[in-house]
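*Asks:* The structure follows.
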Amino acid sequence: MDLKGPFSKTLLRRGQFSAQHFDVDKQVFLQQEIDKLTRNEVVKSVVITKPTRDLRQRLLSPQVLAGVRDEEERQLIHQFVDLLDKTLTLNPEKRITVKEALKHPFIVWSRTSSRASTETTTSATTTSS
């Protein structure tokens, strides 16, 4: 919720355990804590109106990008952030599917890069034998 904001009422109503963690009618998160003085469990209502953190801003900050060596690495970071954003979509009907994720440029690059390094290692081992 910090990254994506509040769940919709429809989504909360469909959730199997929503009533344990939310006041569905008010769209309020029920945060359970232990009171430091009494050591009793206390439930606080937390109103979530909008995201409090921005995933893209945090992962694509100037501090992160300052350490990037080249344009390919920069592109890879952007692809990773895009995939992560799509996997964290709150509504499962709008969330990226496994099939879609396997076709995402970040995963495709990872799989081809992994194959290329395996082939290089295999050919180096064969050549040195």
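Each chain in the structure tokens gets a letter, A, B, ..., in the order shown, and its residues are numbered from 1; ligands are numbered from 1 in order too.
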Write down as a PyMOL selection string the residues of chain A whose backbone DSSP state falls under helix (DSSP H, G or I).
*Replies:* chain A and resi 9-14+18-21+55-59+62-66+71-87+98-102+105-128
*Asks:* So, counting only C-alpha atoms, which residue among A:Leu3, A:Leu83, A:Ile34, A:Val46 is closest to A:His21?
*Replies:* A:Val46
*Asks:* Taking 6 positions as the minimum chain separation for residues in the same chain, which residues sit within 9 Å of A:Val47 when counting only C-alpha atoms? Answer as a VMD selection string.
*Replies:* chain A and resid 6 26 to 30
*Asks:* Pick out the residues sitting within 7 Å of stretch 52-58 of chain A, and hand them over as JSON, numbers by chain; count only C-alpha atoms, and ignore anything fewer than 2 positions along from it in its own chain.
*Replies:* {"A": [2, 3, 50, 60, 61, 81]}
*Asks:* Where does DSSP see strand (DSSP E) in chain A, if you list the residues as a ChimeraX atom specification?
*Replies:* /A:22-23,28-34,41-47
*Asks:* The selected residues should be written to file as a compact mmCIF listing (two decimals), in the first residue's frame (atoms: N, CA and C atoms).
*Replies:*
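This went into again_5.txt:
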# COMPACT_ATOMS: atom_id res chain seq x y z
N PHE A 22 -8.71 -5.29 7.37
CA PHE A 22 -9.28 -4.04 6.87
C PHE A 22 -10.69 -3.83 7.41
N ASP A 23 -11.06 -2.56 7.57
CA ASP A 23 -12.46 -2.20 7.73
C ASP A 23 -12.90 -1.94 6.30
N VAL A 28 -10.14 1.09 5.40
CA VAL A 28 -9.12 1.44 6.37
C VAL A 28 -8.34 0.18 6.74
N PHE A 29 -7.01 0.30 6.78
CA PHE A 29 -6.16 -0.81 7.19
C PHE A 29 -6.14 -0.89 8.71
N LEU A 30 -6.31 -2.09 9.25
CA LEU A 30 -6.31 -2.30 10.70
C LEU A 30 -4.93 -2.80 11.12
N GLN A 31 -4.11 -1.87 11.57
CA GLN A 31 -2.73 -2.19 11.94
C GLN A 31 -2.69 -2.70 13.37
N GLN A 32 -2.20 -3.92 13.54
CA GLN A 32 -2.13 -4.53 14.86
C GLN A 32 -0.73 -4.33 15.43
N GLU A 33 -0.68 -3.79 16.64
CA GLU A 33 0.58 -3.52 17.31
C GLU A 33 0.48 -3.95 18.77
N ILE A 34 1.63 -4.10 19.39
CA ILE A 34 1.68 -4.36 20.83
C ILE A 34 2.02 -3.04 21.52
N GLU A 41 -2.36 -6.07 22.86
CA GLU A 41 -2.51 -5.83 21.43
C GLU A 41 -3.46 -4.65 21.21
N VAL A 42 -3.04 -3.74 20.35
CA VAL A 42 -3.83 -2.56 20.02
C VAL A 42 -4.03 -2.55 18.51
N VAL A 43 -5.24 -2.22 18.09
CA VAL A 43 -5.54 -2.13 16.67
C VAL A 43 -5.75 -0.66 16.32
N LYS A 44 -4.94 -0.18 15.38
CA LYS A 44 -5.05 1.21 14.93
C LYS A 44 -5.60 1.23 13.52
N SER A 45 -6.51 2.15 13.26
CA SER A 45 -7.04 2.33 11.91
C SER A 45 -6.11 3.26 11.14
N VAL A 46 -5.61 2.78 10.02
CA VAL A 46 -4.70 3.57 9.20
C VAL A 46 -5.38 3.86 7.87
N VAL A 47 -5.59 5.14 7.61
CA VAL A 47 -6.22 5.56 6.36
C VAL A 47 -5.14 5.66 5.28
*Asks:* Let me make sure I understand: among A:Ala19, A:Glu73, A:Leu102, A:Lys36, which one has the smallest atom-to-atom distance to A:Thr87 if we use only C-alpha atoms?
*Replies:*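 Among A:Ala19, A:Glu73, A:Leu102, A:Lys36, it is A:Leu102 that comes nearest to A:Thr87.
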*Asks:* Which residue is closest to A:Ser113? Choose from A:Ala101, A:Leu76, A:Ser8, A:Arg14 and count only C-alpha atoms.
*Replies:*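 Smallest distance to A:Ser113 is found for A:Leu76.
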*Asks:* Quote the spacing between atom CA of A:Asp70 and atom CA of A:Arg111 in Å to one decimal place.
*Replies:*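 Between atom CA of A:Asp70 and atom CA of A:Arg111 the gap works out to 20.1 Å.
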*Asks:* One number please: atom CA of A:Leu11 to atom CA of A:His78, in Å, one decimal.
*Replies:*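 Interatomic distance, atom CA of A:Leu11 to atom CA of A:His78: 29.1 Å.
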*Asks:* Please, what distance in Å, to one decimal, runs between atom CA of A:Arg69 and atom CA of A:Ser110?
*Replies:* 17.7 Å
*Asks:* List as a PyMOL selection string the protein and nucleic acid residues near A:Asn91, meaning an atom at most 10 Å away when only C-alpha atoms are counted, but skip any in the same chain fewer than 3 places from it.
*Replies:* chain A and resi 7-8+10-11+88+94-96
*Asks:* Got time to write the residues from that selection, C-alpha atoms, as a PDB file, in the first residue's frame?
*Replies:*
ATOM      1  CA  PHE A   7      -7.012  -1.488  -2.354  1.00  0.00           C
ATOM      2  CA  SER A   8     -10.354  -0.910  -4.071  1.00  0.00           C
ATOM      3  CA  THR A  10     -14.343  -4.435  -4.714  1.00  0.00           C
ATOM      4  CA  LEU A  11     -10.982  -6.098  -4.207  1.00  0.00           C
ATOM      5  CA  LEU A  88       3.239  -5.452  -7.629  1.00  0.00           C
ATOM      6  CA  LYS A  94      -4.537  -6.284 -13.979  1.00  0.00           C
ATOM      7  CA  ARG A  95      -1.288  -7.817 -12.680  1.00  0.00           C
ATOM      8  CA  ILE A  96       1.200  -9.272 -15.155  1.00  0.00           C
TER       9      ILE A  96
END
